[in-house]
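Chemist: Below is the file model-v6.txt, with compact mmCIF, C-alpha atoms.
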```
# COMPACT_ATOMS: atom_id res chain seq x y z
CA MET N 17 0.06 -1.66 40.98
CA GLY N 18 -3.08 -3.27 39.65
CA ALA N 19 -4.83 0.06 39.27
CA SER N 20 -1.92 1.75 37.49
CA LEU N 21 -1.52 -1.23 35.15
CA ALA N 22 -5.23 -1.12 34.42
CA VAL N 23 -4.98 2.56 33.50
CA ALA N 24 -2.02 1.86 31.23
CA LEU N 25 -3.94 -0.91 29.45
CA LEU N 26 -7.26 0.88 29.12
CA PRO N 27 -8.48 1.01 25.51
CA MET N 28 -7.60 4.70 25.16
CA ARG N 29 -4.54 4.11 23.05
CA PRO N 30 -4.81 5.83 19.68
CA GLU N 31 -4.55 2.61 17.66
CA VAL N 32 -7.43 1.17 19.69
CA LEU N 33 -9.53 4.28 19.33
CA LYS N 34 -8.90 4.38 15.59
CA GLY N 35 -10.98 1.25 15.01
CA HIS N 36 -13.97 2.74 16.79
CA LEU N 37 -13.71 6.35 15.71
CA ASP N 38 -16.38 6.15 13.01
CA ALA N 39 -18.95 4.73 15.43
CA MET N 40 -18.05 7.31 18.09
CA LEU N 41 -18.43 10.15 15.60
CA LEU N 42 -21.84 8.83 14.54
CA ALA N 43 -22.86 8.58 18.20
CA VAL N 44 -21.78 12.15 18.92
CA LEU N 45 -23.86 13.39 15.98
CA GLU N 46 -26.95 11.46 17.03
CA ARG N 47 -28.41 14.37 18.98
CA GLY N 48 -28.13 16.85 16.12
CA ALA N 49 -25.87 18.81 13.80
CA LEU N 50 -22.48 19.90 15.16
CA HIS N 51 -19.44 21.66 13.71
CA GLY N 52 -15.96 20.16 13.90
CA TYR N 53 -14.73 21.67 17.16
CA ALA N 54 -18.03 20.92 18.89
CA ILE N 55 -17.69 17.29 17.78
CA ILE N 56 -14.19 17.14 19.24
CA GLU N 57 -15.41 18.66 22.50
CA ALA N 58 -18.33 16.23 22.61
CA LEU N 59 -15.91 13.31 22.16
CA ARG N 60 -13.70 14.65 24.93
CA VAL N 61 -16.49 15.46 27.39
CA GLY N 62 -18.51 12.39 26.51
CA SER N 63 -15.53 10.15 27.23
CA GLY N 64 -14.83 11.86 30.54
CA ASP N 65 -11.58 13.35 29.18
CA ARG N 66 -10.25 9.87 28.44
CA PHE N 67 -9.83 10.36 24.69
CA ASP N 68 -7.02 12.66 23.72
CA LEU N 69 -6.84 12.52 19.93
CA PRO N 70 -4.95 14.86 17.60
CA THR N 71 -8.05 16.85 16.73
CA GLY N 72 -6.89 17.41 13.16
CA THR N 73 -7.38 13.74 12.38
CA ILE N 74 -11.11 13.96 13.13
CA TYR N 75 -11.83 15.89 9.95
CA PRO N 76 -10.60 13.31 7.42
CA ALA N 77 -12.72 10.76 9.31
CA LEU N 78 -15.79 13.02 9.06
CA HIS N 79 -15.15 13.53 5.35
CA ARG N 80 -14.88 9.78 4.89
CA LEU N 81 -18.23 9.31 6.63
CA GLU N 82 -19.75 11.94 4.37
CA LYS N 83 -18.42 10.19 1.26
CA ALA N 84 -20.02 6.99 2.54
CA GLY N 85 -23.36 8.79 2.91
CA LEU N 86 -23.49 8.40 6.69
CA VAL N 87 -23.33 12.14 7.44
CA ASP N 88 -24.20 15.29 5.53
CA SER N 89 -22.36 18.58 5.83
CA THR N 90 -23.45 22.18 5.31
CA TRP N 91 -21.42 25.38 5.22
CA SER N 92 -22.36 28.60 7.03
CA VAL N 93 -20.58 31.80 7.98
CA VAL N 94 -20.08 32.47 11.70
CA SER N 95 -18.11 35.47 12.99
CA GLY N 96 -16.82 36.04 9.47
CA ARG N 97 -15.42 32.50 9.25
CA ARG N 98 -16.66 29.66 7.04
CA ARG N 99 -17.94 26.84 9.23
CA ARG N 100 -18.84 23.30 8.23
CA SER N 101 -21.45 21.46 10.27
CA TYR N 102 -22.24 17.76 10.12
CA GLU N 103 -25.39 15.79 10.80
CA LEU N 104 -26.44 12.16 10.57
CA THR N 105 -28.27 10.89 7.53
CA THR N 106 -30.93 8.21 7.76
CA THR N 107 -28.35 5.66 6.63
CA GLY N 108 -25.97 6.98 9.28
CA ARG N 109 -28.60 6.44 11.97
CA GLN N 110 -29.18 2.88 10.84
CA THR N 111 -25.43 2.25 10.74
CA LEU N 112 -25.10 3.61 14.28
CA THR N 113 -27.79 1.20 15.45
CA ASP N 114 -25.92 -1.68 13.80
CA GLU N 115 -22.60 -0.52 15.29
CA ARG N 116 -24.16 -0.36 18.75
CA HIS N 117 -25.51 -3.86 18.40
CA GLY N 118 -22.13 -5.15 17.23
CA TRP N 119 -20.35 -3.34 20.06
CA HIS N 120 -22.68 -4.82 22.71
CA GLU N 121 -22.07 -8.28 21.31
CA PHE N 122 -18.33 -7.71 21.37
CA VAL N 123 -18.31 -6.29 24.91
CA THR N 124 -20.49 -9.11 26.20
CA GLY N 125 -18.16 -11.70 24.73
CA VAL N 126 -14.96 -10.05 25.95
CA SER N 127 -16.43 -9.33 29.41
CA SER N 128 -17.54 -12.89 29.91
CA LEU N 129 -14.01 -14.05 29.13
CA LEU N 130 -12.17 -11.43 31.19
CA GLU N 131 -14.46 -11.52 34.20
CA ASN N 132 -15.07 -15.28 34.28
CA PRO N 133 -11.72 -16.85 33.44
CA TRP N 134 -11.92 -20.26 31.85
CA PRO N 135 -11.31 -22.91 34.52
CA ALA N 136 -7.92 -24.52 34.28
CA THR N 137 -7.93 -28.05 32.96
CA PRO N 138 -7.08 -30.44 35.80
CA MET H 752 -11.59 37.28 17.73
CA ALA H 753 -9.11 37.87 14.89
CA CYS H 754 -7.00 35.01 13.62
CA HIS H 755 -3.78 34.81 15.63
CA PRO H 756 -0.39 34.80 13.80
CA ILE H 757 0.45 31.43 15.41
CA ILE H 758 -2.66 29.94 13.85
CA GLU H 759 -1.98 31.62 10.51
CA ARG H 760 1.55 30.19 10.52
CA TYR H 761 0.20 26.72 11.20
CA ILE H 762 -2.40 27.08 8.42
CA ALA H 763 0.34 28.26 6.01
CA ASP H 764 2.50 25.26 6.97
CA LEU H 765 -0.40 22.89 6.38
CA SER H 766 -1.32 24.64 3.13
CA ALA H 767 2.24 24.13 1.87
CA ARG H 768 1.88 20.39 2.51
CA LEU H 769 -1.47 20.09 0.75
CA THR H 770 -0.44 21.71 -2.54
CA ALA H 771 -1.17 18.52 -4.46
CA GLY H 772 -4.92 18.83 -3.90
CA PRO H 773 -7.56 20.42 -6.14
CA ARG H 774 -7.90 24.08 -5.15
CA ARG H 775 -11.53 23.94 -4.04
CA TRP H 776 -10.90 20.88 -1.89
CA ARG H 777 -7.83 22.54 -0.34
CA THR H 778 -9.72 25.75 0.42
CA ALA H 779 -12.51 23.82 2.12
CA VAL H 780 -10.04 21.82 4.23
CA LEU H 781 -8.11 24.89 5.34
CA ASP H 782 -11.27 26.92 6.07
CA GLU H 783 -12.56 24.11 8.26
CA ILE H 784 -9.27 23.78 10.14
CA ARG H 785 -9.01 27.54 10.64
CA ASP H 786 -12.50 27.64 12.15
CA SER H 787 -11.65 24.73 14.43
CA LEU H 788 -8.41 26.33 15.60
CA MET H 789 -10.16 29.65 16.23
CA GLU H 790 -12.84 27.89 18.26
CA GLY H 791 -10.14 26.10 20.23
CA MET H 792 -8.28 29.35 20.77
CA ASP H 793 -11.45 31.08 22.02
CA ALA H 794 -12.07 28.22 24.45
CA HIS H 795 -8.51 28.31 25.82
CA ALA H 796 -8.46 32.11 25.96
CA ALA H 797 -11.45 32.00 28.29
CA THR H 798 -9.33 30.10 30.84
CA THR H 799 -5.79 31.38 30.19
CA GLY H 800 -6.61 34.97 29.23
CA ASP H 801 -3.54 35.03 26.98
CA PRO H 802 -4.33 34.81 23.24
CA ALA H 803 -0.81 33.60 22.35
CA VAL H 804 -0.93 30.78 24.89
CA ALA H 805 -4.46 29.93 23.79
CA ALA H 806 -3.43 29.84 20.12
CA ARG H 807 -0.44 27.62 20.94
CA HIS H 808 -2.66 25.21 22.86
CA ALA H 809 -5.13 25.05 19.99
CA VAL H 810 -2.36 24.28 17.49
CA GLN H 811 -0.82 21.62 19.75
CA GLU H 812 -4.18 19.93 20.18
CA HIS H 813 -4.69 19.90 16.44
CA GLY H 814 -1.52 17.91 15.81
CA PRO H 815 1.74 18.36 13.84
CA ALA H 816 1.15 19.69 10.32
CA ASP H 817 2.94 16.79 8.60
CA GLN H 818 0.83 14.22 10.44
CA ILE H 819 -2.38 16.06 9.68
CA ALA H 820 -1.47 16.40 5.99
CA SER H 821 -0.73 12.66 6.01
CA ALA H 822 -4.21 11.96 7.38
CA TYR H 823 -5.70 13.72 4.34
CA ALA H 824 -3.69 11.66 1.81
CA PRO H 825 -6.42 9.12 0.96
CA GLU H 826 -8.97 11.91 0.64
CA LEU H 827 -6.63 13.77 -1.68
CA VAL H 828 -6.17 10.76 -3.96
CA ALA H 829 -9.94 10.19 -3.95
CA ALA H 830 -10.50 13.85 -4.93
CA TRP H 831 -8.15 13.54 -7.92
CA THR H 832 -9.69 10.18 -8.86
CA ARG H 833 -13.18 11.68 -8.87
CA ARG H 834 -12.07 14.71 -10.83
CA ALA H 835 -10.30 12.56 -13.44
CA GLY H 836 -13.37 10.33 -13.70
CA ARG H 837 -15.75 13.26 -14.19
CA LEU H 838 -13.47 14.81 -16.83
CA ALA H 839 -13.16 11.56 -18.79
CA LEU H 840 -16.93 11.08 -18.76
CA ALA H 841 -17.66 14.71 -19.65
CA ALA H 842 -15.22 14.59 -22.58
CA ILE H 843 -17.31 12.00 -24.44
CA PRO H 844 -20.51 14.02 -25.07
CA THR H 845 -18.53 17.25 -25.33
CA MET H 846 -16.28 15.96 -28.09
CA ALA H 847 -19.20 14.29 -29.83
CA ILE H 848 -21.14 17.56 -29.94
CA VAL H 849 -18.14 19.74 -30.86
CA TRP H 850 -17.00 17.57 -33.76
CA ASN H 851 -20.50 16.83 -34.96
CA LEU H 852 -21.13 20.56 -35.26
CA ALA H 853 -17.71 21.29 -36.77
CA LEU H 854 -18.09 18.64 -39.48
CA ARG H 855 -21.73 19.33 -40.25
CA VAL H 856 -21.26 22.99 -41.06
CA GLY H 857 -18.89 22.16 -43.95
CA PRO H 858 -19.88 21.04 -47.46
CA THR H 859 -21.03 17.43 -47.52
CA SER H 860 -19.30 14.71 -49.49
CA ALA H 861 -18.92 10.96 -49.20
CA TRP H 862 -16.47 9.42 -46.71
CA HIS H 863 -16.20 6.05 -48.44
CA PRO H 864 -12.63 6.54 -49.84
CA TYR H 865 -11.33 6.06 -46.27
CA GLY H 866 -13.47 3.00 -45.55
CA THR H 867 -10.83 0.85 -43.85
CA GLY H 868 -9.32 3.74 -41.89
CA LEU H 869 -12.76 4.81 -40.81
CA HIS H 870 -13.53 1.32 -39.56
CA ILE H 871 -10.34 1.17 -37.52
CA ALA H 872 -10.97 4.64 -36.09
CA ALA H 873 -14.58 3.77 -35.33
CA ALA H 874 -13.44 0.63 -33.51
CA LEU H 875 -10.93 2.62 -31.48
CA ILE H 876 -13.49 5.29 -30.68
CA GLY H 877 -16.17 2.77 -29.75
CA SER H 878 -13.97 0.62 -27.54
CA GLY H 879 -12.32 3.69 -26.00
CA VAL H 880 -15.69 5.17 -25.11
CA CYS H 881 -16.96 1.90 -23.63
CA LEU H 882 -13.83 1.41 -21.51
CA THR H 883 -13.96 5.03 -20.38
CA VAL H 884 -17.60 4.80 -19.31
CA VAL H 885 -17.02 1.57 -17.38
CA CYS H 886 -13.78 2.60 -15.63
CA ALA H 887 -14.77 6.21 -14.87
CA THR H 888 -18.22 5.24 -13.60
CA ALA H 889 -16.70 2.55 -11.38
CA ALA H 890 -14.21 5.09 -10.01
CA LEU H 891 -16.94 7.66 -9.28
CA LEU H 892 -19.18 5.11 -7.60
CA GLY H 893 -16.35 3.40 -5.73
CA THR H 894 -15.05 6.65 -4.27
CA GLY H 895 -18.58 7.81 -3.46
CA ARG H 896 -21.35 6.24 -1.45
CA LEU H 897 -20.70 2.74 -2.70
CA VAL H 898 -17.51 2.70 -0.63
CA ARG H 899 -19.68 1.64 2.31
CA VAL H 900 -20.86 -1.41 0.39
CA VAL H 901 -17.81 -2.46 -1.62
CA GLY H 902 -15.09 -1.29 0.75
CA ASP H 903 -12.09 0.90 0.10
CA HIS H 904 -10.38 0.03 -3.19
CA LEU H 905 -8.74 3.38 -3.86
CA PRO H 906 -5.51 2.06 -5.49
CA THR H 907 -7.52 -0.05 -7.96
CA LEU H 908 -9.97 2.76 -8.66
CA ARG H 909 -7.12 5.17 -9.25
CA PHE H 910 -5.59 2.76 -11.76
CA GLY H 911 -9.04 2.43 -13.38
CA VAL H 912 -9.54 6.14 -13.74
CA CYS H 913 -6.08 6.50 -15.30
CA ALA H 914 -7.11 3.78 -17.77
CA ALA H 915 -10.31 5.75 -18.45
CA SER H 916 -8.29 8.90 -19.12
CA ALA H 917 -6.01 6.99 -21.51
CA SER H 918 -9.00 5.39 -23.25
CA VAL H 919 -10.85 8.62 -23.83
CA SER H 920 -7.63 10.23 -25.06
CA ILE H 921 -7.10 7.39 -27.56
CA ALA H 922 -10.70 7.76 -28.72
CA ILE H 923 -10.20 11.49 -29.24
CA LEU H 924 -6.92 10.94 -31.09
CA ALA H 925 -8.66 8.38 -33.34
CA LEU H 926 -11.31 10.99 -34.09
CA LEU H 927 -8.59 13.53 -34.88
CA SER H 928 -6.90 11.07 -37.23
CA VAL H 929 -10.14 10.76 -39.20
CA VAL H 930 -10.44 14.54 -39.47
CA THR H 931 -6.77 14.79 -40.45
CA ALA H 932 -7.25 12.24 -43.22
CA ARG H 933 -10.25 14.22 -44.43
CA ALA H 934 -8.28 17.47 -44.26
CA VAL H 935 -5.44 16.02 -46.35
CA THR H 936 -7.54 14.29 -49.03
CA ALA H 937 -10.51 16.66 -49.25
CA PRO H 938 -9.60 20.00 -47.70
CA THR H 939 -12.41 21.83 -49.41
CA SER H 940 -14.97 19.61 -47.69
CA LEU H 941 -14.19 21.20 -44.31
CA GLN H 942 -15.27 24.49 -42.84
CA TRP H 943 -11.85 25.48 -41.49
CA PRO H 944 -12.79 28.09 -38.85
CA ALA H 945 -15.12 25.54 -37.25
CA ILE H 946 -12.49 22.79 -37.53
CA LEU H 947 -9.79 24.96 -35.94
CA THR H 948 -12.13 25.96 -33.11
CA ALA H 949 -12.99 22.34 -32.47
CA LEU H 950 -9.30 21.45 -32.62
CA ALA H 951 -8.46 24.10 -30.01
CA LEU H 952 -11.20 22.78 -27.71
CA THR H 953 -10.00 19.23 -28.24
CA LEU H 954 -6.37 20.03 -27.42
CA THR H 955 -7.52 21.87 -24.28
CA ALA H 956 -9.57 18.83 -23.26
CA LEU H 957 -6.67 16.44 -23.91
CA THR H 958 -4.28 18.62 -21.89
CA THR H 959 -6.70 18.88 -18.96
CA ILE H 960 -7.42 15.14 -18.98
CA GLY H 961 -3.71 14.32 -19.15
CA HIS H 962 -2.78 16.75 -16.38
CA THR H 963 -5.52 15.51 -14.06
CA ALA H 964 -4.66 11.86 -14.71
CA TYR H 965 -1.02 12.60 -14.00
CA ARG H 966 -1.87 14.31 -10.70
CA CYS H 967 -4.14 11.42 -9.81
CA ALA H 968 -1.44 8.86 -10.57
CA THR H 969 1.29 10.68 -8.67
CA SER H 970 -0.59 11.98 -5.62
CA SER H 971 0.01 9.04 -3.31
CA ILE H 972 1.80 11.48 -0.99
CA PRO H 973 2.64 9.43 2.05
CA VAL H 974 4.16 12.26 4.06
CA GLN H 975 7.66 11.42 5.19
CA ASN H 976 8.61 11.83 8.80
CA HIS H 977 11.51 14.23 8.55
CA THR H 978 13.42 12.70 11.42
CA SER H 979 13.04 8.99 10.79
CA GLY H 980 12.03 8.82 7.15
CA ALA H 981 9.08 6.63 8.12
CA ILE H 982 5.59 7.39 6.94
CA ALA H 983 3.93 9.50 9.61
CA ASP H 984 1.02 7.82 11.34
CA PRO H 985 -1.28 10.45 12.81
CA TRP H 986 -2.44 7.90 15.37
CA ALA H 987 1.00 7.05 16.61
CA PRO H 988 2.01 8.58 19.95
CA ALA H 989 4.27 11.58 19.71
CA ALA H 990 8.00 11.04 20.27
CA GLY H 991 8.82 10.60 23.93
CA GLN H 992 5.17 9.97 24.78
CA GLU H 993 4.22 6.73 26.49
CA PRO H 994 1.96 4.57 24.35
```
Would you write the structure of this file as structure tokens?

Modeler:
Amino acid sequence: MGASLAVALLPMRPEVLKGHLDAMLLAVLERGALHGYAIIEALRVGSGDRFDLPTGTIYPALHRLEKAGLVDSTWSVVSGRRRRSYELTTTGRQTLTDERHGWHEFVTGVSSLLENPWPATP
Amino acid sequence: MACHPIIERYIADLSARLTAGPRRWRTAVLDEIRDSLMEGMDAHAATTGDPAVAARHAVQEHGPADQIASAYAPELVAAWTRRAGRLALAAIPTMAIVWNLALRVGPTSAWHPYGTGLHIAAALIGSGVCLTVVCATAALLGTGRLVRVVGDHLPTLRFGVCAASASVSIAILALLSVVTARAVTAPTSLQWPAILTALALTLTALTTIGHTAYRCATSSIPVQNHTSGAIADPWAPAAGQEP
């Protein structure tokens, strides 16, 4: 019961993922330039198949990051098809570092509350 | 591997829902999605061996066309806002050069008989240009890299760029009123072929600015969910799916 409830409440719900998508995309691109489908695969594999997003919604997020100057995109032609690849900018790298720091702070705070419940007031 | 009809149908469906976007933006979006779907199809074909099944899987993973189109709505509005801002800014030097040339090639004579009218027109042109520069520049910066610093203010920026389009149009109309007054009171002072050419360019500019501002103002496009009438949220679980 506990295990199944835990699975149901894991932060894999789309509305939970949505708030962290930008940081996850930046993290996926940290190792180098990737095209859209490779980014989606990296998100899936990197999360151990836990994240099942409608892949079409990744692209508007990537475009938003590009507008913000956090990633750059370049077009190439592969197998006769136009392909757009994305890579982190220097600002994107710095933002990823900041996001990581913020995430660690958040996780530490939430973990200390969830794993060490506040003692009941006598 | 050639593009499968299932994928082409999906792309056509999506294309029909993104008609409000600038053509170049739309082409880029659809090219990127096609490549992604083809990659997905190739990956699934390696395991299923059936191209039709693989194409269907790729399309399902990508998400329903109405939800995907909905996810592009803010980007679409930003694209029109940027285009309207660029047009409004570009119109200022363009009109200045065109009318400067058109009026300089004609015979010269004094403008003082229209002193008051000229002052009013000059005030309209000056204030219109200033407002255009401020609003259009803010819209371009706010929908560009500054979004990271100032946050997302797309509705305000869209209103601003529409104000910029109106301001530059008023400035151009004020300029035309000056030329019209000149044409009525001193027709021989104008070189008519040059004036008519400038007029044609001006009307083209006004039409383009007006059309773009209209598309910008009306392209909010929250895609309606055909079954419930609610605005589709691409992050919401599909019907019947457990949250």

Chemist: Please determine the contact residues of chain H with respect to chain N at a cut-off of 6 Å, counting all atoms listed in the file, and supply them as a list in words.

Modeler: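 Output check: Ser787, Glu812, His813, Gly814, Ile819, Tyr823, Gly895, Arg896, Val898, Arg899 and Trp986 of chain H.
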
Chemist: Let me make sure I understand: among H:Leu926, H:Ile921, H:Leu905, H:Leu788, which one has the smallest atom-to-atom distance to Arg807 in chain H if we use all atoms listed in the file?

Modeler: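 The answer is H:Leu788, which sits nearest to Arg807 in chain H.
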
Chemist: State, in Å with one decimal place, the distance from CA of His904 in chain H to CA of Cys967 in chain H.

Modeler: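 Computing it gives 14.6 Å between the two atoms.
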
Chemist: Of the residues N:Leu129, N:Leu104, N:Leu59, N:Leu78, which is the one nearest to Leu45 in chain N, using all atoms listed in the file?

Modeler: N:Leu104

Chemist: Using CA of Ala797 in chain H and CA of Ile784 in chain H as the two end points, give the distance in Å to one decimal.

Modeler: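 A separation of 20.0 Å between them.
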
Chemist: As number ranges by chain, please: the residues near Pro773 in chain H (cut-off 9 Å, only C-alpha atoms, same-chain neighbours under 3 positions excluded).

Modeler: H: 770, 776-778, 827, 830-831, 834

Chemist: Please measure the separation of CA of Arg116 in chain N and CA of Ala824 in chain H, giving the value in Å to one decimal.

Modeler: 29.2 Å

Chemist: Would you kindly return, as a VMD selection string, each protein, DNA or RNA residue with an atom no farther than 8 Å from any atom of Arg833 in chain H, considering all atoms listed in the file and excluding same-chain residues fewer than 5 positions away?

Modeler: chain H and resid 890 to 891 894

Chemist: Quick one: axis-aligned box around all listed atoms of range 794-804 of chain H, 8 Å on every side, centre and edge lengths in Å to one decimal, written as JSON.

Modeler:
```
{"center_x": -6.4, "center_y": 31.6, "center_z": 26.6, "size_x": 27.3, "size_y": 22.8, "size_z": 24.5}
```

Chemist: Just checking: using all atoms listed in the file, which residue out of H:Gly836, H:Ala874, H:Ala937, H:Glu826 ends up closest to Phe910 in chain H?

Modeler: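 Checking each candidate against Phe910 in chain H, we get H:Gly836 as the closest.
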
Chemist: Between H:Gly868, H:Gly800, H:Gly961, H:Gly893, single out the one closest to Ser928 in chain H, counting only C-alpha atoms.

Modeler: H:Gly868

Chemist: Counting only C-alpha atoms, figure out which residue out of H:Asp793, H:Pro802, H:Arg837, H:Glu783 gets nearest to Tyr102 in chain N.

Modeler: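 Going through H:Asp793, H:Pro802, H:Arg837, H:Glu783 one by one, the smallest distance to Tyr102 in chain N is for H:Glu783.
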